[in-house]
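Trainee: Next comes run08.txt, compact mmCIF, C-alpha atoms and all ligand atoms:
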# COMPACT_ATOMS: atom_id res chain seq x y z
CA MET A 1 -10.85 213.12 -145.70
CA LYS A 2 -14.03 213.93 -147.56
CA ILE A 3 -16.10 211.94 -150.05
CA VAL A 4 -18.23 213.77 -152.60
CA SER A 5 -21.27 211.60 -153.09
CA PHE A 6 -24.61 211.09 -154.74
CA LYS A 7 -26.90 209.16 -152.42
CA ILE A 8 -27.76 206.15 -154.56
CA CYS A 9 -24.48 205.81 -156.48
CA PRO A 10 -23.00 202.28 -156.28
CA PHE A 11 -19.50 203.54 -157.16
CA VAL A 12 -19.63 205.79 -154.09
CA GLN A 13 -20.88 202.92 -151.94
CA ARG A 14 -17.89 200.78 -152.90
CA VAL A 15 -15.60 203.55 -151.61
CA THR A 16 -17.53 204.23 -148.39
CA ALA A 17 -17.85 200.49 -147.71
CA LEU A 18 -14.07 200.18 -147.86
CA LEU A 19 -13.65 203.14 -145.49
CA GLU A 20 -16.19 201.58 -143.13
CA ALA A 21 -14.52 198.15 -143.34
CA LYS A 22 -11.24 199.79 -142.34
CA ASN A 23 -12.82 202.06 -139.69
CA ILE A 24 -11.40 205.16 -141.35
CA PRO A 25 -13.28 208.35 -140.41
CA TYR A 26 -14.52 210.53 -143.27
CA GLU A 27 -16.91 213.37 -144.01
CA ILE A 28 -19.43 213.16 -146.80
CA ASP A 29 -20.77 215.86 -149.08
CA PHE A 30 -23.87 214.97 -151.09
CA ILE A 31 -24.41 216.78 -154.38
CA SER A 32 -27.15 216.80 -156.96
CA LEU A 33 -26.01 215.31 -160.26
CA SER A 34 -28.68 217.22 -162.16
CA ASP A 35 -27.30 220.50 -160.85
CA LYS A 36 -23.58 219.95 -160.23
CA PRO A 37 -21.97 222.75 -158.24
CA GLN A 38 -19.08 224.58 -159.89
CA TRP A 39 -16.62 223.64 -157.10
CA PHE A 40 -17.33 219.98 -157.91
CA LEU A 41 -16.85 220.45 -161.66
CA ASP A 42 -13.55 222.18 -160.88
CA ILE A 43 -12.19 219.13 -159.04
CA SER A 44 -13.81 216.24 -160.92
CA PRO A 45 -12.38 215.89 -164.44
CA SER A 46 -15.10 213.37 -165.39
CA GLY A 47 -17.89 215.32 -163.68
CA GLN A 48 -18.70 212.11 -161.81
CA VAL A 49 -18.86 210.97 -158.21
CA PRO A 50 -17.16 209.61 -156.19
CA VAL A 51 -14.41 212.12 -155.53
CA LEU A 52 -12.20 211.68 -152.49
CA ILE A 53 -10.54 214.80 -151.10
CA THR A 54 -7.50 213.78 -149.08
CA ASP A 55 -6.51 215.47 -145.83
CA GLY A 56 -3.80 217.18 -147.89
CA GLY A 57 -6.49 218.68 -150.16
CA LYS A 58 -5.85 216.52 -153.24
CA ALA A 59 -8.97 215.48 -155.14
CA LEU A 60 -8.92 211.86 -156.35
CA PHE A 61 -11.46 210.62 -158.87
CA GLU A 62 -12.48 207.26 -160.41
CA SER A 63 -13.59 204.68 -157.86
CA ASP A 64 -10.98 202.08 -158.96
CA ALA A 65 -8.17 204.56 -158.28
CA ILE A 66 -9.78 205.71 -155.04
CA VAL A 67 -10.12 202.21 -153.55
CA GLU A 68 -6.52 201.41 -154.46
CA TYR A 69 -5.43 204.61 -152.73
CA ILE A 70 -7.44 203.74 -149.60
CA GLU A 71 -6.06 200.19 -149.52
CA GLU A 72 -2.48 201.43 -149.86
CA ALA A 73 -2.57 204.62 -147.77
CA PHE A 74 -4.04 202.95 -144.65
CA PRO A 75 -3.41 199.60 -142.96
CA ALA A 76 -4.32 197.06 -145.64
CA LEU A 77 -7.59 195.15 -145.52
CA GLN A 78 -5.66 192.28 -147.08
CA PRO A 79 -2.03 192.48 -145.99
CA ASN A 80 0.52 189.89 -147.10
CA ILE A 81 -1.14 188.87 -150.33
CA THR A 82 0.89 188.10 -153.42
CA LEU A 83 0.91 190.27 -156.55
CA GLU A 84 -1.03 187.53 -158.33
CA GLU A 85 -3.70 187.56 -155.61
CA LYS A 86 -3.85 191.36 -155.76
CA ALA A 87 -4.30 191.28 -159.55
CA THR A 88 -6.93 188.55 -159.25
CA ASN A 89 -8.81 190.59 -156.65
CA ARG A 90 -8.71 193.63 -158.93
CA ALA A 91 -10.09 191.58 -161.80
CA TRP A 92 -13.00 190.10 -159.81
CA SER A 93 -13.70 193.57 -158.39
CA TYR A 94 -13.80 194.96 -161.91
CA LEU A 95 -16.41 192.36 -162.89
CA ALA A 96 -18.61 193.85 -160.16
CA SER A 97 -18.05 197.53 -160.90
CA LYS A 98 -18.58 197.16 -164.64
CA ASN A 99 -22.01 195.74 -163.80
CA TYR A 100 -23.13 198.57 -161.47
CA LEU A 101 -24.73 200.53 -164.29
CA VAL A 102 -26.05 197.32 -165.85
CA GLN A 103 -27.96 196.65 -162.63
CA CYS A 104 -29.14 200.29 -162.42
CA SER A 105 -30.49 200.06 -165.93
CA ALA A 106 -32.19 196.69 -165.28
CA GLN A 107 -33.84 198.14 -162.16
CA ARG A 108 -35.29 200.98 -164.27
CA SER A 109 -36.80 198.63 -166.88
CA PRO A 110 -40.26 199.69 -168.03
CA ASN A 111 -41.51 196.15 -168.65
CA ALA A 112 -40.70 192.45 -168.19
CA GLU A 113 -39.12 192.01 -171.63
CA VAL A 114 -36.70 194.90 -171.13
CA LEU A 115 -35.89 193.66 -167.62
CA ALA A 116 -35.01 190.21 -169.01
CA GLU A 117 -32.86 191.73 -171.76
CA ARG A 118 -31.07 194.17 -169.42
CA SER A 119 -30.43 191.43 -166.85
CA LYS A 120 -28.47 189.20 -169.24
CA LYS A 121 -25.02 190.69 -168.58
CA LEU A 122 -25.62 190.73 -164.85
CA ASP A 123 -26.69 187.08 -165.01
CA GLN A 124 -23.43 186.20 -166.75
CA ALA A 125 -21.41 187.97 -164.05
CA PHE A 126 -23.43 186.24 -161.32
CA ASP A 127 -22.79 182.86 -162.99
CA LYS A 128 -19.06 183.56 -163.10
CA ILE A 129 -18.81 184.59 -159.46
CA GLU A 130 -21.00 181.65 -158.39
CA GLY A 131 -18.41 179.36 -160.00
CA GLN A 132 -15.61 181.14 -158.18
CA LEU A 133 -17.02 181.20 -154.65
CA GLY A 134 -15.65 178.57 -152.31
CA GLY A 135 -16.54 177.35 -148.86
CA THR A 136 -15.34 180.47 -147.01
CA ALA A 137 -17.54 183.16 -145.50
CA TYR A 138 -16.20 185.87 -147.81
CA PHE A 139 -14.62 185.87 -151.26
CA GLY A 140 -11.04 185.17 -150.31
CA GLY A 141 -11.38 183.75 -146.81
CA GLU A 142 -12.89 184.40 -143.42
CA THR A 143 -12.51 188.20 -143.38
CA VAL A 144 -13.94 190.88 -145.64
CA GLY A 145 -11.62 191.76 -148.53
CA MET A 146 -11.48 194.01 -151.58
CA VAL A 147 -13.65 191.75 -153.78
CA ASP A 148 -16.35 191.61 -151.08
CA VAL A 149 -16.40 195.38 -150.93
CA ALA A 150 -16.69 195.68 -154.72
CA TRP A 151 -19.62 193.25 -154.91
CA LEU A 152 -21.45 194.72 -151.91
CA PRO A 153 -23.36 197.42 -153.86
CA LEU A 154 -24.72 194.84 -156.33
CA LEU A 155 -25.73 192.42 -153.58
CA HIS A 156 -27.19 195.15 -151.35
CA ARG A 157 -29.37 196.45 -154.18
CA ALA A 158 -30.44 192.93 -155.16
CA ASN A 159 -31.54 192.39 -151.56
CA ILE A 160 -33.63 195.58 -151.46
CA ILE A 161 -35.28 194.72 -154.77
CA GLU A 162 -36.08 191.20 -153.57
CA ARG A 163 -37.55 192.45 -150.28
CA LYS A 164 -39.64 195.14 -151.94
CA SER A 165 -40.73 193.53 -155.20
CA CYS A 166 -39.87 189.83 -154.86
CA HIS A 167 -37.87 190.01 -158.07
CA ASP A 168 -34.79 187.92 -157.40
CA PHE A 169 -31.79 189.10 -159.43
CA ILE A 170 -29.62 186.39 -157.88
CA GLY A 171 -31.86 183.46 -158.64
CA ASP A 172 -30.78 179.86 -158.18
CA ARG A 173 -27.15 180.51 -157.21
CA PRO A 174 -26.75 179.08 -153.71
CA LYS A 175 -23.16 180.19 -153.10
CA LEU A 176 -23.92 183.73 -154.19
CA LYS A 177 -27.01 183.80 -151.96
CA LYS A 178 -24.95 182.64 -149.01
CA TRP A 179 -22.23 185.19 -149.71
CA GLN A 180 -24.88 187.95 -149.99
CA LYS A 181 -26.28 186.91 -146.60
CA GLN A 182 -22.86 186.90 -144.95
CA LEU A 183 -22.00 190.30 -146.40
CA LEU A 184 -25.30 191.85 -145.34
CA GLU A 185 -24.79 190.49 -141.83
CA THR A 186 -21.59 192.56 -141.51
CA LYS A 187 -23.83 195.72 -141.61
CA LEU A 188 -21.37 197.30 -144.03
CA ALA A 189 -24.26 197.83 -146.44
CA GLU A 190 -26.18 200.12 -144.07
CA GLN A 191 -23.05 201.76 -142.70
CA SER A 192 -21.85 202.75 -146.17
CA VAL A 193 -25.00 204.64 -147.23
CA SER A 194 -27.08 207.52 -145.84
CA CYS A 195 -29.97 206.85 -143.43
CA ASP A 196 -32.50 207.65 -146.15
CA PHE A 197 -30.75 205.52 -148.79
CA GLU A 198 -33.48 202.91 -149.02
CA ASP A 199 -36.22 205.53 -149.42
CA ARG A 200 -34.26 207.39 -152.11
CA PHE A 201 -33.48 204.08 -153.86
CA VAL A 202 -37.13 202.99 -153.79
CA ASP A 203 -38.29 206.42 -155.04
CA PHE A 204 -36.05 206.12 -158.07
CA TYR A 205 -36.09 202.42 -158.93
CA LEU A 206 -39.47 201.28 -157.62
CA SER A 207 -41.64 204.14 -158.81
CA ASP A 208 -44.76 203.63 -160.91
CA GLN A 209 -42.55 204.23 -163.96
CA THR A 210 -40.66 200.96 -163.55
CA TYR A 211 -41.79 197.39 -163.99
CA LEU A 212 -40.39 196.40 -160.61
CA GLY A 213 -42.02 199.42 -158.98
CA ARG A 214 -45.45 198.67 -160.39
CA GLY A 215 -45.01 195.09 -159.22
CA SER A 216 -43.99 196.13 -155.73
CA ALA A 217 -47.27 198.00 -155.36
CA ILE A 218 -49.19 194.77 -155.90
CA ASN A 219 -49.85 192.46 -152.93
CA SER A 220 -48.05 194.77 -150.46
CA GLY A 221 -44.68 194.71 -152.03
CA CYS A 222 -44.66 191.51 -154.00
CA PHE A 223 -45.06 190.22 -157.53
CA SER A 224 -47.49 187.39 -156.89
CA GLU A 225 -46.51 185.66 -160.13
CA ASN A 226 -42.83 185.78 -159.25
CA CYS A 227 -42.97 184.62 -155.66
CA ALA A 228 -41.40 181.25 -155.26
CA THR A 229 -42.16 180.92 -151.55
CA ASP A 230 -44.69 182.23 -149.05
CA ALA A 231 -41.79 183.80 -147.16
CA CYS A 232 -41.53 186.74 -149.53
CA CYS A 233 -45.25 187.43 -149.90
N1 LIG B 1 -16.04 205.27 -163.77
C1 LIG B 1 -16.59 206.07 -162.70
C2 LIG B 1 -18.11 205.95 -162.78
C3 LIG B 1 -18.79 206.80 -161.71
C4 LIG B 1 -20.24 207.11 -162.11
O1 LIG B 1 -20.78 206.64 -163.13
N2 LIG B 1 -20.86 207.96 -161.29
C5 LIG B 1 -22.19 208.43 -161.64
C6 LIG B 1 -23.15 208.31 -160.45
S1 LIG B 1 -23.41 206.63 -160.00
C7 LIG B 1 -22.11 209.92 -161.97
O2 LIG B 1 -21.41 210.67 -161.32
N3 LIG B 1 -22.87 210.34 -162.97
C8 LIG B 1 -22.96 211.72 -163.37
C9 LIG B 1 -22.50 211.95 -164.76
O3 LIG B 1 -22.02 211.01 -165.43
O4 LIG B 1 -22.63 213.10 -165.24
C10 LIG B 1 -16.04 205.59 -161.36
O5 LIG B 1 -15.73 204.39 -161.26
O6 LIG B 1 -15.88 206.41 -160.44
Could you quickly redo this structure as C-alpha cells?
Mentor:
Amino acid sequence: MKIVSFKICPFVQRVTALLEAKNIPYEIDFISLSDKPQWFLDISPSGQVPVLITDGGKALFESDAIVEYIEEAFPALQPNITLEEKATNRAWSYLASKNYLVQCSAQRSPNAEVLAERSKKLDQAFDKIEGQLGGTAYFGGETVGMVDVAWLPLLHRANIIERKSCHDFIGDRPKLKKWQKQLLETKLAEQSVSCDFEDRFVDFYLSDQTYLGRGSAINSGCFSENCATDACC
C-alpha cells in the first residue's frame, strides 16, 4: 500500500499514525502541493492529500474514509466495540480533524490578536475533550484507539509549538495534558512523520513571518512574557 503525502499535513499524519499503530507496512510518496503532479491530480478527485493506493491499485481519498478502510480491512485496533461506541469514536475523531486547519491557521498568525481570535475554536474543542477524558491512559481505555489517533496530530503540533516558542495551546487542562504526554510516549508521533518533519514544520510555522516564530527567536526559543515556569525557558 502507498500513501501520497505532504510532509506537514495533519490529515496525512492521522492516516500514517493508524498504520503505525497497527504495524501495517506502507510506502510513502511525498508531493509538492504548490506543484501537484498530473498523476496525483488524476487519482485525487479533491486534489488533496492524503491518498491511499491499495495493493489492488485502488486510490482512496478523504482521510475519514481512509481511516475507516484501514480499521476495517486489517485486524481492528478496537475489536468488539458496539455500534454506539463506534459512532461515538467517529464523532470525537471528527472534532479533532475539523480543527486541524484551525490549528494550522492559528500557528500562522501574524500577531497576538489574530492568534487569540484564531485559537477560539480550538479552545472550545479542547474544553470539550477535557470534559470527556476519564482516568484511563488513552481516550477509551488502556490501549490506543481511533480517537487517540485522530487527536495525535493536534497534540503533537501543540507539543512542538510549546517546546519551541513556549506558547501553550493546551493551557490549564490537566487531563488533556496528561493524555498528550501518554500519546507522545507511544512514539507514534515521530513514527508517523518524516525524519525532517520538525524542521519543515518549524520552517513554515515558526518563521519570522509568524507571531509564534518571532517569539521563538527571543530568549533561545521562548516567549519570556508567556513562560509560566522556568522549565520552558
Ligand atoms: N478533507 C480532506 C482534507 C485534506 C487536506 O486539507 N489536505 C491538504 C493538506 S493538509 C491539501 O491537500 N491541500 C491542498 C489543496 O487543498 O489544494 C481530508 O480529510 O482528507
Trainee: Just want the 10 Å neighbourhood of Thr186 of chain A, counted on only C-alpha atoms, with same-chain residues fewer than 5 positions away dropped. Output as a VMD selection string.
Mentor: chain A and resid 21 144 181 191
Trainee: How close does each residue of chain A get to ligand LIG 1 (chain B), giving the shortest atom pair and distance in Å to one decimal for every residue with an atom at most 9 Å away, counting only C-alpha atoms and all ligand atoms, sorted by chain and residue number, as CSV?
Mentor:
residue,atom,partner,partner_atom,distance
A:Ser5,CA,B:LIG1,C6,8.3
A:Phe6,CA,B:LIG1,C6,6.5
A:Lys7,CA,B:LIG1,S1,8.7
A:Ile8,CA,B:LIG1,S1,7.0
A:Cys9,CA,B:LIG1,S1,3.8
A:Pro10,CA,B:LIG1,S1,5.7
A:Phe11,CA,B:LIG1,O5,5.6
A:Val12,CA,B:LIG1,S1,7.1
A:Leu33,CA,B:LIG1,C8,5.6
A:Ser34,CA,B:LIG1,O4,7.9
A:Lys36,CA,B:LIG1,O4,8.5
A:Ser46,CA,B:LIG1,O3,7.3
A:Gly47,CA,B:LIG1,O4,5.5
A:Gln48,CA,B:LIG1,O2,3.1
A:Val49,CA,B:LIG1,O2,4.0
A:Pro50,CA,B:LIG1,O6,5.5
A:Val51,CA,B:LIG1,O6,7.7
A:Phe61,CA,B:LIG1,O6,6.3
A:Glu62,CA,B:LIG1,O6,3.5
A:Ser63,CA,B:LIG1,O6,3.9
A:Asp64,CA,B:LIG1,O5,5.8
A:Ala65,CA,B:LIG1,O5,8.1
A:Ile66,CA,B:LIG1,O6,8.2
A:Ser97,CA,B:LIG1,O5,7.3
A:Lys98,CA,B:LIG1,O5,8.5
A:Tyr100,CA,B:LIG1,S1,8.2
A:Leu101,CA,B:LIG1,O1,7.4
A:Cys104,CA,B:LIG1,S1,8.9
Trainee: At a cut-off of 10 Å, using all atoms listed in the file, what residues contact Asn111 of chain A? Leave out same-chain residues fewer than 2 positions from it and give the result as a VMD selection string.
Mentor: chain A and resid 106 108 to 109 113 to 116 209 to 212 214
Trainee: I need the residue nearest Gln124 of chain A from this list: A:Thr143, A:Gln182, A:Asn99, A:Ser105. Use all atoms listed in the file for the distance.
Mentor: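 That would be A:Asn99, the residue with the smallest distance to Gln124 of chain A.
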Trainee: Per residue of segment 23-129 of chain A within 12 Å of segment 192-201 of chain A, note the shortest atom pair and the distance in Å to one decimal, counting all atoms listed in the file, and order the rows by chain and increasing residue number, as a Markdown table.
Mentor:
| residue | atom | partner | partner_atom | distance |
| --- | --- | --- | --- | --- |
| A:Asn23 | CA | A:Ser192 | CA | 11.1 |
| A:Ile24 | CA | A:Ser192 | CA | 11.8 |
| A:Pro25 | CA | A:Ser192 | CA | 11.7 |
| A:Tyr26 | CA | A:Ser192 | CA | 11.1 |
| A:Glu27 | CA | A:Ser194 | CA | 11.9 |
| A:Ile28 | CA | A:Ser194 | CA | 9.6 |
| A:Asp29 | CA | A:Ser194 | CA | 10.9 |
| A:Phe30 | CA | A:Ser194 | CA | 9.7 |
| A:Cys104 | CA | A:Phe201 | CA | 10.3 |
| A:Gln107 | CA | A:Phe201 | CA | 10.2 |
| A:Arg108 | CA | A:Phe201 | CA | 11.0 |
Trainee: Using only the atoms of segment 44-54 of chain A listed in the file, plus 6 Å on each side, state the axis-aligned box centre and edge lengths in Å rounded to one decimal, as lines of an AutoDock Vina configuration file.
Mentor:
center_x = -13.2
center_y = 212.9
center_z = -157.2
size_x = 23.4
size_y = 18.6
size_z = 28.3
Trainee: Measuring atom to atom with all atoms listed in the file, identify which of A:Val149, A:Gln78, A:Lys58, A:Arg163 is nearest to Leu19 of chain A.
Mentor: A:Val149
Trainee: If we count only C-alpha atoms and set the cut-off at 7 Å, which residues sit around segment 167-179 of chain A, ignoring sequence neighbours fewer than 3 positions away in its own chain? Please answer as a PyMOL selection string.
Mentor: chain A and resi 130+133+137-138+158+161-162+182-183+226
Trainee: Do you have the atom CA of Glu117 of chain A-atom CA of His156 of chain A distance handy?
Mentor: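 These atoms are spaced 21.5 Å apart.
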Trainee: If I take atom CA of Ile3 of chain A and atom CA of Gln180 of chain A, how far is one from the other in Å, to one decimal?
Mentor: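 For atom CA of Ile3 of chain A relative to atom CA of Gln180 of chain A, the distance reads 25.5 Å.
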Trainee: Excluding Glu71 of chain A and its own-chain neighbours fewer than 4 positions away, which residues fall within 9 Å of it when counting only C-alpha atoms? Please give them as a list in words.
Mentor: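 Answer for this query is Leu18, Lys22, Ile66, Val67, Pro75, Ala76, Leu77, Gln78 and Met146 of chain A.
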Trainee: So the first atom is atom CA of Gln38 of chain A and the second is atom CA of Met1 of chain A; what is the distance between them in Å, to one decimal place?
Mentor: 20.0 Å
Trainee: Considering only C-alpha atoms, state which residue in the set A:Ala125, A:Leu154, A:Ala73, A:Ala17 is at the smallest distance from Leu188 of chain A.
Mentor: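 Among A:Ala125, A:Leu154, A:Ala73, A:Ala17, it is A:Ala17 that comes nearest to Leu188 of chain A.
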